[in-house]
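Contents: one structure, followed by commentary.
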Amino acid sequence: MSGESTVRYELRGPVAWIGLDRPAKRNAINEALLTALDDALRRAQAEARAMVLFGHGSCFSAGLDLAEHRARAAEETFLISRAWHTVFARIRRGRVPAIAALHGATVGGGLELAATCHIRVADSSAFFALPEGQRGIYVGGGASVHVARLLGLARITDMMLTGRVLDAAAAERMGLVQYLVPEGTALAQAEELALKIAGMAPLTVLGILQALPRIQDMSEEDGLFVESMMAALAQTGPEAAQRLAAFIERRDSK
């Protein structure tokens with residue numbers, strides 16, 4: 001592997017592997033890690049068809065590096081929060097689907113990073129929390145929007161007010177993660193999904209990543225109109241005719 005010391009990057013075929021690498025600090029996110037993550041995401045967007053984000057060591061990420069954060073003034077905290085939003089938006093608004101492979105602590109900023117990915121795979125050791133309220137601060141990496149949309153207002157309010165910790169099974173029941181797998185197998189499941197996604201037609205992926213989230217915020221009629229436009233665009237892709245013909249041939253040969 002190569003890359004910054006706080007984030008390791010590897011391209012395996014069409015899949016970019018991005019590993020948070022501050023195991024002694026439980027992959028707490030500081031400015032150096034955020035910068036290295038930004039570099040890795042830019043590279044993945046340029047050369048991969050899918051990416052997997054994961055954590056080295058005992059957990060995915062224990063969140064914000066509080067030792068660095070406690071000395072910040074209000075203006076600096078605001079600007080750092082906006083920087084987190086900018087970096088995480090490279091996942092949400094990019095062209096490459098992102099899968100988070102989660103184990104151990106996935107809390108605070110770590111949960112915010114996981115929530116910005118398109119698919120979340122958790123092994124049974126994973127647990128989730130938003131402990132900022134218990135520490136006298138407020139979330140700043142997008143939880144108010146992205147985690148809230150996954151869990152709903154009532155559940156995120158409970159987590160933020162009480163410090164409630166969700167185990168992996170509860171997270172799956174609540175829709176926070178899509179896959180729950182045995183301990184130690186999240187990376188294998190993520191790789192299987194990433195390779196499958198990497199083989200999809202690019203225009204179809206474009207519609208899923210770019211149109212689908214926007215449709216959720218539209219009126220019914222506007223959403224249906226955009227769906228029709230995306231269906232027409234995908235149909236023009238060079239792979240559409242080939243894949244449809246191959247499917248029909250296989251079906252008719254049975």
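All residue names refer to the structure tokens as shown: chains lettered A, B, ... in order, residues numbered from 1 in each chain, ligands numbered from 1 in order.
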
Give me the region 55-159 of chain A side of the contact with region 189-208 of chain A, cut-off 8 Å, one line per residue showing its nearest atom pair and distance in Å at one decimal, counting only C-alpha atoms, sorted by chain and residue number, as a Markdown table.
```
| residue | atom | partner | partner_atom | distance |
| --- | --- | --- | --- | --- |
| A:Arg95 | CA | A:Leu206 | CA | 6.5 |
| A:Pro97 | CA | A:Ile197 | CA | 7.7 |
| A:Ile99 | CA | A:Ala190 | CA | 6.4 |
| A:Ala100 | CA | A:Ala190 | CA | 7.4 |
| A:Ala101 | CA | A:Ala190 | CA | 6.1 |
| A:Val121 | CA | A:Ala190 | CA | 6.6 |
```

Residues near Ser144 (chain A), cut-off 10 Å, only C-alpha atoms, skip fewer than 2 positions along chain, as a PyMOL selection string:
chain A and resi 112+138-142+146-149+153+156-157+160

message = I'd like the neighbourhood of Ala129 (chain A) as a ChimeraX atom specification, where a residue qualifies if any of its atoms comes within 12 Å (using only C-alpha atoms), though same-chain residues fewer than 2 positions away should be ignored.
response = /A:61-63,104-112,114,126-127,131-134,139,143,147,155-168,170-171,176

Write the residues you've just listed into a file as a short mmCIF file (atom, residue, chain, number, x, y, z; two decimals), in the first residue's frame, and include N, CA and C atoms for each of them.
```cif
data_model
loop_
_atom_site.label_atom_id
_atom_site.label_comp_id
_atom_site.auth_asym_id
_atom_site.auth_seq_id
_atom_site.Cartn_x
_atom_site.Cartn_y
_atom_site.Cartn_z
N SER A 61 -13.79 4.05 13.27
CA SER A 61 -13.33 5.37 13.72
C SER A 61 -14.08 5.77 14.97
N ALA A 62 -13.32 6.24 15.96
CA ALA A 62 -13.91 6.75 17.20
C ALA A 62 -14.34 8.20 17.08
N GLY A 63 -14.23 8.78 15.87
CA GLY A 63 -14.78 10.11 15.64
C GLY A 63 -13.76 11.23 15.71
N GLY A 104 -16.12 -2.54 15.20
CA GLY A 104 -15.80 -1.80 16.41
C GLY A 104 -16.49 -0.45 16.45
N ALA A 105 -15.85 0.51 17.11
CA ALA A 105 -16.44 1.84 17.30
C ALA A 105 -16.65 2.54 15.96
N THR A 106 -17.87 2.95 15.73
CA THR A 106 -18.23 3.78 14.57
C THR A 106 -19.08 4.90 15.15
N VAL A 107 -18.41 5.87 15.75
CA VAL A 107 -19.12 6.85 16.58
C VAL A 107 -18.73 8.27 16.17
N GLY A 108 -19.61 9.21 16.50
CA GLY A 108 -19.33 10.62 16.23
C GLY A 108 -18.99 10.84 14.77
N GLY A 109 -17.84 11.44 14.53
CA GLY A 109 -17.41 11.70 13.16
C GLY A 109 -17.21 10.43 12.35
N GLY A 110 -16.90 9.33 13.00
CA GLY A 110 -16.79 8.06 12.29
C GLY A 110 -18.13 7.62 11.74
N LEU A 111 -19.20 7.81 12.52
CA LEU A 111 -20.54 7.51 12.03
C LEU A 111 -20.93 8.46 10.91
N GLU A 112 -20.54 9.72 11.02
CA GLU A 112 -20.84 10.68 9.97
C GLU A 112 -20.15 10.30 8.66
N ALA A 114 -19.25 7.19 7.81
CA ALA A 114 -19.94 5.99 7.33
C ALA A 114 -21.27 6.35 6.68
N ALA A 126 -19.43 -4.13 15.52
CA ALA A 126 -19.63 -2.70 15.31
C ALA A 126 -20.66 -2.13 16.30
N PHE A 127 -20.41 -0.90 16.74
CA PHE A 127 -21.40 -0.18 17.53
C PHE A 127 -21.37 1.29 17.14
N PRO A 131 -21.91 10.79 20.54
CA PRO A 131 -21.70 11.19 21.93
C PRO A 131 -21.40 12.68 22.13
N GLU A 132 -21.48 13.47 21.07
CA GLU A 132 -21.08 14.87 21.18
C GLU A 132 -21.85 15.62 22.27
N GLY A 133 -23.16 15.33 22.36
CA GLY A 133 -23.97 16.03 23.36
C GLY A 133 -23.51 15.78 24.78
N GLN A 134 -22.99 14.59 25.04
CA GLN A 134 -22.49 14.27 26.38
C GLN A 134 -21.18 14.99 26.68
N VAL A 139 -22.66 17.92 16.81
CA VAL A 139 -22.14 17.23 15.63
C VAL A 139 -21.75 18.27 14.57
N ALA A 143 -24.07 14.82 10.51
CA ALA A 143 -25.05 13.91 11.13
C ALA A 143 -26.45 14.50 11.15
N VAL A 147 -27.23 11.30 8.93
CA VAL A 147 -27.65 10.26 9.87
C VAL A 147 -29.14 10.40 10.16
N ARG A 155 -35.21 9.07 16.30
CA ARG A 155 -34.11 8.21 16.73
C ARG A 155 -32.81 8.98 16.87
N ILE A 156 -32.52 9.91 15.95
CA ILE A 156 -31.28 10.66 16.10
C ILE A 156 -31.37 11.61 17.28
N THR A 157 -32.56 12.14 17.56
CA THR A 157 -32.73 12.99 18.74
C THR A 157 -32.42 12.20 20.00
N ASP A 158 -32.94 10.99 20.09
CA ASP A 158 -32.66 10.11 21.23
C ASP A 158 -31.16 9.89 21.38
N MET A 159 -30.47 9.54 20.27
CA MET A 159 -29.04 9.28 20.35
C MET A 159 -28.26 10.51 20.79
N MET A 160 -28.64 11.68 20.27
CA MET A 160 -27.89 12.89 20.59
C MET A 160 -28.16 13.38 22.01
N LEU A 161 -29.39 13.19 22.50
CA LEU A 161 -29.72 13.65 23.86
C LEU A 161 -29.20 12.71 24.94
N THR A 162 -29.26 11.42 24.68
CA THR A 162 -28.96 10.44 25.74
C THR A 162 -27.61 9.76 25.60
N GLY A 163 -26.97 9.89 24.43
CA GLY A 163 -25.73 9.16 24.21
C GLY A 163 -25.95 7.69 23.93
N ARG A 164 -27.17 7.31 23.59
CA ARG A 164 -27.51 5.91 23.35
C ARG A 164 -26.56 5.27 22.34
N VAL A 165 -26.14 4.06 22.64
CA VAL A 165 -25.25 3.28 21.76
C VAL A 165 -26.06 2.17 21.10
N LEU A 166 -25.96 2.08 19.79
CA LEU A 166 -26.63 1.02 19.04
C LEU A 166 -25.64 -0.09 18.72
N ASP A 167 -26.00 -1.32 19.00
CA ASP A 167 -25.17 -2.42 18.53
C ASP A 167 -25.47 -2.68 17.06
N ALA A 168 -24.72 -3.58 16.45
CA ALA A 168 -24.84 -3.79 15.01
C ALA A 168 -26.21 -4.29 14.62
N ALA A 170 -29.11 -3.74 16.16
CA ALA A 170 -30.07 -2.63 16.24
C ALA A 170 -29.88 -1.68 15.07
N ALA A 171 -28.62 -1.43 14.70
CA ALA A 171 -28.35 -0.54 13.56
C ALA A 171 -28.95 -1.09 12.27
N LEU A 176 -29.71 1.80 9.60
CA LEU A 176 -28.45 2.53 9.59
C LEU A 176 -27.40 1.80 8.76
#
```

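In this comparison, which uses only C-alpha atoms, the residue of A:Val87, A:Gly237, A:Gly94, A:Ile80 approaching Thr35 (chain A) most closely is A:Val87.
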
So which residues touch His69 (chain A) within 10 Å, counting only C-alpha atoms, skipping near sequence neighbours fewer than 6 positions away, as a short mmCIF file (atom, residue, chain, number, x, y, z; two decimals) with N, CA, C and O atoms, in the first residue's frame?
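The resulting file, result-v8.cif, is reproduced below:
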```cif
data_model
loop_
_atom_site.label_atom_id
_atom_site.label_comp_id
_atom_site.auth_asym_id
_atom_site.auth_seq_id
_atom_site.Cartn_x
_atom_site.Cartn_y
_atom_site.Cartn_z
N ASN A 30 -8.49 13.83 12.70
CA ASN A 30 -7.90 15.16 12.91
C ASN A 30 -7.71 15.82 11.55
O ASN A 30 -8.07 15.27 10.51
N GLU A 31 -7.10 16.99 11.53
CA GLU A 31 -6.95 17.71 10.28
C GLU A 31 -6.05 16.95 9.30
O GLU A 31 -6.30 16.94 8.09
N GLU A 76 -13.16 29.02 14.05
CA GLU A 76 -12.36 27.92 13.52
C GLU A 76 -13.17 26.64 13.50
O GLU A 76 -13.09 25.86 12.54
N THR A 77 -13.98 26.41 14.53
CA THR A 77 -14.82 25.22 14.56
C THR A 77 -15.80 25.21 13.39
O THR A 77 -16.01 24.18 12.75
N ILE A 80 -13.82 24.34 10.23
CA ILE A 80 -13.44 22.93 10.20
C ILE A 80 -14.65 22.06 9.87
O ILE A 80 -14.57 21.11 9.08
#
```

Residue neighbourhood Pro182 (chain A), 7 Å, only C-alpha atoms, exclusion window fewer than 2 positions, as a list in words: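 These residues fall inside the cut-off: Asp123, Ser124, Gly184 and Thr185 of chain A.
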
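By only C-alpha atoms, and with residues fewer than 5 positions from Met229 (chain A) along its chain excluded, the set lying at most 10 Å from it is A:Gly207, A:Ala211, A:Gly223, A:Leu224, A:Ala234, A:Gln235.
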
- Pull the helix (DSSP H, G or I) assignments for region 5-185 of chain A out of DSSP run on the backbone, and list those residues as a ChimeraX atom specification. /A:23-25,31-47,66-69,74-92,109-116,131-135,146-151,153-162,168-173

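Ranking A:Val15, A:Phe88, A:Ala67, A:Phe78 by their shortest atom-to-atom distance to Leu37 (chain A), with only C-alpha atoms included, puts A:Phe88 first.
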
Just to confirm, what's the straight-line distance from CA of Ala48 (chain A) to CA of Arg26 (chain A) in Å (one decimal)?
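Computed distance, CA of Ala48 (chain A) to CA of Arg26 (chain A), equals 27.0 Å.
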
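CA of Ala89 (chain A) lies 23.3 Å from CA of Arg72 (chain A).
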
The distance between CA of Ala115 (chain A) and CA of Ala231 (chain A) is 27.1 Å

With distances taken over only C-alpha atoms, the candidate from A:Gln242, A:Gln210, A:Ser228, A:Thr6 nearest Arg22 (chain A) is A:Thr6

- Task: Using DSSP on the backbone coordinates, identify the residues of region 63-156 of chain A assigned to strand (DSSP E or B); present them as a PyMOL selection string.
- Result: chain A and resi 64+98-102+105-107+119-123+127-129
